[in-house]
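A.B. asks: Sharing a structure, written as C-alpha cells. Questions coming.
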Amino acid sequence: MNTTQSWLSWFLRGVLILGFLILSSRLIELQVIKGSYYRSLSEENRIKRIPIVAPRGRIFARGGEILEGKNFAHITGFVGEANKDEVFKIDPGCIEKGPVRLGEMTGRGGLNEKYNCILRGIDGEELVEVDTSGKTIRTLGEKKATPGSDLHTTIDFGLQNKVAESMEGKIGAVIASDLKGEILALYSYPSFDPLRIESYLNDQTLPFFNRAIGGAYHPGSVFKPVVAIAALSDGQIDKDFTYNDTGQIKIDTLYGDFSYSNWYFIQYGRSEGTINLVRALARSTDTFFYTVGEMIGPEKIAELAHKFMLDKKTGIDIPGEVAGLIPTPDWKEKVKKEKWFLGNTYHLSIGQGDVALTPLGVNVMTATIANGGKFCKPYINEKLKTKNEKCKESEIKKDNLDLVKEGMRQVCLPAQTGTTGGTGFTFFDYKESVFCKTGTAEVGTDDDTHAWFTLFNADLALTVLVEKGGEGSKVAGPIARSIMDYEYLRKNP
C-alpha cells in the first residue's frame, strides 16, 4: 500500500512539474522570444493606416486649357482600374513610384497610357489610433501624397474643337500639324466620353479605334505627288515633259484586253489633251500617272515613298500607330504568292491596289513636301520640341519639289483662260495661297470611296479623311475649307 501511494505521489509530482515546465516555456516564448512580434500585432490592431490617393497629373492644351471630353478622347485616352496582371508590378519607367496597388487607376490609350509614369503620383498615408470598436482616437502621423506631374501638349484647344465640329457625323479622321512636327489637332470620329467608357463597349462603330493613327486606308490621288517626285528624281520626266491624255489607256495581254480610264473621261466623257506635270497634278489625271508609273516602275515609287516614311510608323508619342503599306513585286510574291502585272503598277501609281496609308502618314507626307523634303517626326508632348528641332533630310532636289508644289497650288485655283480649274474647287475663293491635293480612293469591289483632302500653307498641314464618304473634292474638301476658314479668321479678325 505504501509502495503504491509512493508511486502515485511521484507520478503526480512529475505531471505537475512537466506542466509547470511547459507553461514556463510558453510564457518565455510569448514574452521573450516572440514578445516584439505580438507587441507589433497588438499595435497594428490599435493603429490604422489610411491610404491617401495621389491625384494624377492633368493634361493641358498649348494655351493652358485642360483637355476633358469626347473632342479630345483619342488624344488623352482614359484611365481604368489596374487589372490582375498589373497589380503589384513595378513600371520600369518609374521605379521610384513603387508597385501598382490594388484599385489604382492607370492610363489606357492616348497620352494617359504613353505618359502614365509622368502623370501617376505617389500615394501617401495617415496613421491613426483606434479603439476596440475601430473609432479614431487620435492621429499619429501623416505621409503626404505626391501628385503626378502635369503634361503640357501642342494641341490647339480651339482648333481641335473646330475640327470635331466639322467632322460631326462623318466617320473618319483629321490631322492638323505645324510644319515642324507639332500636332495641333488630332481627331477620330466616332469618339467616346472618357468618363463613360462602359456605355461604348458594344458600339459597332468602334469609337475606341483611333482612325487617325491606327487606320490604314487606300489614299487614292493624294499619293500622286509622291509618284511625281519619284519620276522627277529618276530623271524620267522634267518640267518640259508632256503627255497627251485621250481619256484612257488600253493594253493587250495574254490574259485579255484591259482599259484604264481617267476619272474625267469616266464622269464626263472628256479628255485633258496635252498636259504637263503641273497640270496633271492640278487635274489629278490618272492616265498621266499610269504612264509615268510604268516609266519608272514600282521599285522607284516604293523607294521614294520610303524617304517620306510612308512604309514606316512616324513615331508619334501616343500608342496605336500602324505603318503604311507600299506594295512591290517582291512583297506581292512573298505575301500573296502572286506575280506582279502592269495593272498593279498602274494601281500603285494612283494610290490604289494594295497601297494603304494612315491619315497621319499622309499629313506627314504633306508637311514634308512643304518643308522642302525634310521629315519632321510628329509629337504631342511639348517637351519633345527640343528633340525634334533637327528634321531628317530626304535629299530630294528643291527644283523637283517646287514643281510639285506648283501643281498642288493649282489644285485649288479656279479656271484660267481656256482651261478648267483644279479639283479642289472648295478653295477657289480662299483668300490665302494654299497647296492642295484631293483624293477619291475606291474600296474593294463596291462603289464606296474614301474621301481625302490634304493641304498646306505657310503655317500648317491639314489632312481630312472621310471613310467611305464619297469624292474627296465634294466631301472632304468642304470640311478642310471650314477648318481653314476658322484659322483664317483667327489670324485676321
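Chain lettering (A, B, ...) mirrors the order of the C-alpha cells, residue numbering begins at 1 for each chain separately, and ligand numbering begins at 1 in order of display.
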Quick one: pick out all strand (DSSP E) residues within segment 129-290 of chain A from a backbone DSSP run and write them as number ranges by chain.

C.D. replies: A: 129-130, 136-143, 151-152, 172-178, 183-189, 242-245, 248-253, 256-261, 273-276

A.B. asks: Enumerate as number ranges by chain all residues of segment 261-446 of chain A assigned to alpha helix (DSSP H) by DSSP on the backbone, naming them with the chain letters and numbers the document uses.

C.D. replies: A: 263-268, 277-283, 286-296, 298-307, 329-331, 342-349, 359-370, 398-411

A.B. asks: Between A:Thr106, A:Asn371, A:Thr417, A:Ser221, which has the minimum distance to Asp459 of chain A (counting only C-alpha atoms)?

C.D. replies: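 For Asp459 of chain A, the nearest of the given residues is A:Asn371.
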
A.B. asks: If you count only C-alpha atoms, which residues fall within 12 Å of Trp263 of chain A, apart from same-chain ones fewer than 6 positions away, as JSON, numbers by chain?

C.D. replies: {"A": [220, 221, 245, 246, 247, 248, 269, 270, 271, 272, 283, 284, 285, 286, 287, 288, 350, 423, 439, 440, 441, 442, 471]}

A.B. asks: Write a file of the selected residues as a PDB file, in the first residue's frame, keeping N, CA and C atoms.

C.D. replies:
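Output file part.pdb is given in full below:
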ATOM      1  N   GLY A 220      -5.618  56.842-102.689  1.00  0.00           N
ATOM      2  CA  GLY A 220      -6.050  57.431-103.944  1.00  0.00           C
ATOM      3  C   GLY A 220      -5.084  58.508-104.403  1.00  0.00           C
ATOM      4  N   SER A 221      -5.632  59.580-104.947  1.00  0.00           N
ATOM      5  CA  SER A 221      -4.801  60.590-105.615  1.00  0.00           C
ATOM      6  C   SER A 221      -3.948  61.441-104.702  1.00  0.00           C
ATOM      7  N   ASP A 245      -3.435  63.191-123.072  1.00  0.00           N
ATOM      8  CA  ASP A 245      -4.492  62.376-122.472  1.00  0.00           C
ATOM      9  C   ASP A 245      -5.663  62.224-123.433  1.00  0.00           C
ATOM     10  N   THR A 246      -5.976  60.989-123.768  1.00  0.00           N
ATOM     11  CA  THR A 246      -7.137  60.697-124.607  1.00  0.00           C
ATOM     12  C   THR A 246      -8.303  60.150-123.792  1.00  0.00           C
ATOM     13  N   GLY A 247      -8.100  60.083-122.491  1.00  0.00           N
ATOM     14  CA  GLY A 247      -9.171  59.616-121.619  1.00  0.00           C
ATOM     15  C   GLY A 247      -8.954  58.234-121.054  1.00  0.00           C
ATOM     16  N   GLN A 248      -8.238  57.385-121.788  1.00  0.00           N
ATOM     17  CA  GLN A 248      -7.995  56.038-121.295  1.00  0.00           C
ATOM     18  C   GLN A 248      -6.783  55.414-121.964  1.00  0.00           C
ATOM     19  N   GLY A 269     -16.919  61.924-119.974  1.00  0.00           N
ATOM     20  CA  GLY A 269     -16.619  61.518-121.343  1.00  0.00           C
ATOM     21  C   GLY A 269     -15.641  62.442-122.040  1.00  0.00           C
ATOM     22  N   ARG A 270     -14.842  63.166-121.264  1.00  0.00           N
ATOM     23  CA  ARG A 270     -13.926  64.134-121.849  1.00  0.00           C
ATOM     24  C   ARG A 270     -12.481  63.786-121.523  1.00  0.00           C
ATOM     25  N   SER A 271     -11.563  64.375-122.262  1.00  0.00           N
ATOM     26  CA  SER A 271     -10.134  64.150-122.034  1.00  0.00           C
ATOM     27  C   SER A 271      -9.452  65.483-121.758  1.00  0.00           C
ATOM     28  N   GLU A 272      -8.233  65.414-121.240  1.00  0.00           N
ATOM     29  CA  GLU A 272      -7.495  66.626-120.867  1.00  0.00           C
ATOM     30  C   GLU A 272      -6.648  67.172-122.005  1.00  0.00           C
ATOM     31  N   ARG A 283      -5.253  68.651-112.159  1.00  0.00           N
ATOM     32  CA  ARG A 283      -6.453  67.978-112.643  1.00  0.00           C
ATOM     33  C   ARG A 283      -6.528  66.521-112.185  1.00  0.00           C
ATOM     34  N   SER A 284      -5.488  66.038-111.490  1.00  0.00           N
ATOM     35  CA  SER A 284      -5.433  64.658-110.985  1.00  0.00           C
ATOM     36  C   SER A 284      -5.686  63.652-112.104  1.00  0.00           C
ATOM     37  N   THR A 285      -4.929  63.795-113.195  1.00  0.00           N
ATOM     38  CA  THR A 285      -5.139  62.989-114.398  1.00  0.00           C
ATOM     39  C   THR A 285      -4.545  61.598-114.225  1.00  0.00           C
ATOM     40  N   ASP A 286      -5.412  60.600-114.101  1.00  0.00           N
ATOM     41  CA  ASP A 286      -4.962  59.227-113.842  1.00  0.00           C
ATOM     42  C   ASP A 286      -4.070  58.684-114.948  1.00  0.00           C
ATOM     43  N   THR A 287      -4.449  58.929-116.208  1.00  0.00           N
ATOM     44  CA  THR A 287      -3.688  58.351-117.324  1.00  0.00           C
ATOM     45  C   THR A 287      -2.258  58.861-117.349  1.00  0.00           C
ATOM     46  N   PHE A 288      -2.056  60.107-116.961  1.00  0.00           N
ATOM     47  CA  PHE A 288      -0.703  60.660-116.879  1.00  0.00           C
ATOM     48  C   PHE A 288       0.127  59.845-115.898  1.00  0.00           C
ATOM     49  N   ILE A 350      -1.587  55.506-108.780  1.00  0.00           N
ATOM     50  CA  ILE A 350      -2.665  56.431-108.403  1.00  0.00           C
ATOM     51  C   ILE A 350      -3.149  56.155-106.968  1.00  0.00           C
ATOM     52  N   THR A 423      -8.980  70.425-109.074  1.00  0.00           N
ATOM     53  CA  THR A 423     -10.024  69.589-108.472  1.00  0.00           C
ATOM     54  C   THR A 423     -10.450  70.082-107.094  1.00  0.00           C
ATOM     55  N   GLY A 439      -8.333  63.476-103.136  1.00  0.00           N
ATOM     56  CA  GLY A 439      -8.204  62.035-103.337  1.00  0.00           C
ATOM     57  C   GLY A 439      -9.547  61.345-103.182  1.00  0.00           C
ATOM     58  N   THR A 440      -9.849  60.457-104.136  1.00  0.00           N
ATOM     59  CA  THR A 440     -11.060  59.639-104.077  1.00  0.00           C
ATOM     60  C   THR A 440     -10.624  58.203-104.317  1.00  0.00           C
ATOM     61  N   ALA A 441     -10.586  57.410-103.258  1.00  0.00           N
ATOM     62  CA  ALA A 441      -9.990  56.074-103.325  1.00  0.00           C
ATOM     63  C   ALA A 441     -11.064  54.994-103.307  1.00  0.00           C
ATOM     64  N   GLU A 442     -11.056  54.150-104.331  1.00  0.00           N
ATOM     65  CA  GLU A 442     -12.006  53.047-104.398  1.00  0.00           C
ATOM     66  C   GLU A 442     -11.724  52.032-103.295  1.00  0.00           C
ATOM     67  N   GLU A 471     -16.573  61.463-102.911  1.00  0.00           N
ATOM     68  CA  GLU A 471     -15.476  62.138-103.597  1.00  0.00           C
ATOM     69  C   GLU A 471     -14.735  63.087-102.656  1.00  0.00           C
TER      70      GLU A 471
END

A.B. asks: Any idea what's packed within 12 Å of Arg58 of chain A, counting only C-alpha atoms, ignoring anything in its chain fewer than 6 positions away? Could you give it as an mmCIF file with C-alpha atoms, in the first residue's frame?

C.D. replies:
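Listed below is the output, part-v9.cif:
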data_model
loop_
_atom_site.group_PDB
_atom_site.id
_atom_site.type_symbol
_atom_site.label_atom_id
_atom_site.label_comp_id
_atom_site.auth_asym_id
_atom_site.auth_seq_id
_atom_site.Cartn_x
_atom_site.Cartn_y
_atom_site.Cartn_z
ATOM 1 C CA GLY A 64 -3.358 76.199 -70.823
ATOM 2 C CA GLU A 65 -6.843 74.705 -71.234
ATOM 3 C CA ILE A 66 -7.468 71.303 -69.661
ATOM 4 C CA LEU A 67 -8.201 68.568 -72.192
ATOM 5 C CA GLU A 68 -11.510 66.841 -70.974
ATOM 6 C CA THR A 76 -5.818 61.862 -73.929
ATOM 7 C CA PHE A 78 -8.707 57.449 -70.390
ATOM 8 C CA LEU A 111 -1.317 60.303 -73.572
ATOM 9 C CA ASN A 112 -2.619 58.716 -70.366
ATOM 10 C CA TYR A 115 2.977 59.079 -70.157
ATOM 11 C CA ASN A 116 1.438 57.090 -67.304
ATOM 12 C CA ILE A 118 4.686 61.101 -65.514
ATOM 13 C CA LEU A 119 1.004 61.507 -64.717
ATOM 14 C CA ARG A 120 0.992 58.944 -61.910
ATOM 15 C CA GLY A 121 1.580 60.233 -58.378
ATOM 16 C CA PRO A 147 0.626 64.423 -57.064
ATOM 17 C CA GLY A 148 1.557 63.297 -60.566
ATOM 18 C CA SER A 149 3.213 65.804 -62.884
ATOM 19 C CA ASP A 150 1.120 67.766 -65.379
ATOM 20 C CA LEU A 151 1.588 67.254 -69.113
ATOM 21 C CA HIS A 152 1.588 70.201 -71.496
ATOM 22 C CA THR A 153 0.793 69.452 -75.127
#

A.B. asks: Which residues are near Lys48 of chain A? Cut-off 12 Å, only C-alpha atoms, ignore same chain within fewer than 2 positions. Put them as a PyMOL selection string.

C.D. replies: chain A and resi 41-46+50-51+125-132+134-142

A.B. asks: So that I have them on file, write out the residues from the current selection with C-alpha atoms, as a CSV table (one decimal), in the first residue's frame.

C.D. replies:
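Dumped everything to selection_36.csv:
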chain,number,residue,atom,x,y,z
A,41,LEU,CA,0.4,42.8,-33.8
A,42,SER,CA,-1.2,44.5,-30.9
A,43,GLU,CA,0.0,47.9,-32.1
A,44,GLU,CA,-1.3,47.2,-35.6
A,45,ASN,CA,-4.7,46.3,-34.2
A,46,ARG,CA,-4.6,49.6,-32.4
A,50,ILE,CA,-5.4,55.1,-44.1
A,51,PRO,CA,-4.1,55.4,-47.7
A,125,GLU,CA,-0.9,57.5,-45.8
A,126,GLU,CA,-2.3,58.6,-42.5
A,127,LEU,CA,-1.6,56.7,-39.2
A,128,VAL,CA,-4.4,56.9,-36.7
A,129,GLU,CA,-5.0,55.2,-33.3
A,130,VAL,CA,-8.4,53.5,-32.9
A,131,ASP,CA,-10.2,51.8,-30.0
A,132,THR,CA,-11.6,48.3,-30.0
A,134,GLY,CA,-12.5,51.0,-34.7
A,135,LYS,CA,-13.3,54.5,-33.7
A,136,THR,CA,-10.5,57.0,-34.2
A,137,ILE,CA,-8.9,58.2,-31.1
A,138,ARG,CA,-6.1,60.4,-32.5
A,139,THR,CA,-3.9,61.0,-35.5
A,140,LEU,CA,-0.3,59.7,-35.0
A,141,GLY,CA,1.2,60.9,-38.2
A,142,GLU,CA,0.8,61.6,-41.9

A.B. asks: Do you have the atom CA of Ala212 of chain A-atom CA of Glu182 of chain A distance handy?

C.D. replies: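 Atom CA of Ala212 of chain A sits 15.1 Å away from atom CA of Glu182 of chain A.
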
A.B. asks: Give me, please, the distance in Å between atom CA of Glu299 of chain A and atom CA of Ile229 of chain A, quoted to one decimal.

C.D. replies: 13.6 Å

A.B. asks: Pick from A:Lys377, A:Lys70, A:Lys397, A:Lys468: nearest to Pro207 of chain A, with only C-alpha atoms counted?

C.D. replies: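 Selected residue with least distance to Pro207 of chain A: A:Lys70.
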
A.B. asks: What gap, in Å, lies between atom CA of Leu325 of chain A and atom CA of Lys312 of chain A?

C.D. replies: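 Result for atom CA of Leu325 of chain A versus atom CA of Lys312 of chain A: 8.1 Å, one decimal.
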
A.B. asks: For Ala476 of chain A, work out the shell of residues within 8 Å, counting only C-alpha atoms and skipping chain neighbours fewer than 4 positions away, then give it as a list in words.

C.D. replies: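 Neighbouring residues, sequence-local ones excluded: Ala451, Trp452, Phe453, Val464, Leu465, Val466, Glu471, Gly472 and Ala480 of chain A.
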
A.B. asks: The selected residues should be written to file as a compact mmCIF listing (two decimals), in the first residue's frame (atoms: C-alpha atoms).

C.D. replies:
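Result written to out.txt:
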# COMPACT_ATOMS: atom_id res chain seq x y z
CA ALA A 451 -12.77 60.92 -99.49
CA TRP A 452 -9.41 62.65 -98.93
CA PHE A 453 -8.23 66.25 -98.88
CA VAL A 464 -9.01 65.15 -93.86
CA LEU A 465 -10.29 61.60 -94.41
CA VAL A 466 -13.95 60.61 -94.57
CA GLU A 471 -15.48 62.14 -103.60
CA GLY A 472 -12.62 63.93 -101.93
CA ALA A 480 -11.00 71.26 -94.88

A.B. asks: Pick from A:Leu206, A:Ile171, A:Leu277, A:Leu18: nearest to Asn400 of chain A, with only C-alpha atoms counted?

C.D. replies: A:Leu277

A.B. asks: Give me the residues within 10 Å of Thr345 of chain A as a list in words, counting only C-alpha atoms and dropping any in the same chain fewer than 3 places off.

C.D. replies: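 Final neighbour list, sorted by chain and number: Phe289, Tyr290, Thr291, Val292, Gly293, Glu294, Met295, Ile296, Gly297, Pro298, Glu299, Ile301, Pro327, Thr328, Pro329, Trp340, Phe341, Leu342, Leu348, Ser349, Ile350, Gly351, Gln352 and Gly353 of chain A.
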
A.B. asks: Choose the residue, out of A:Leu462, A:Ala367, A:Ala282, A:Ile396, that has the smallest atom-to-atom separation from Gly421 of chain A; count only C-alpha atoms.

C.D. replies: A:Ala282

A.B. asks: Point out the residue among A:Ser9, A:Trp331, A:Glu467, A:Gly422 with the least atom-to-atom distance to Val174 of chain A, counting only C-alpha atoms.

C.D. replies: A:Glu467
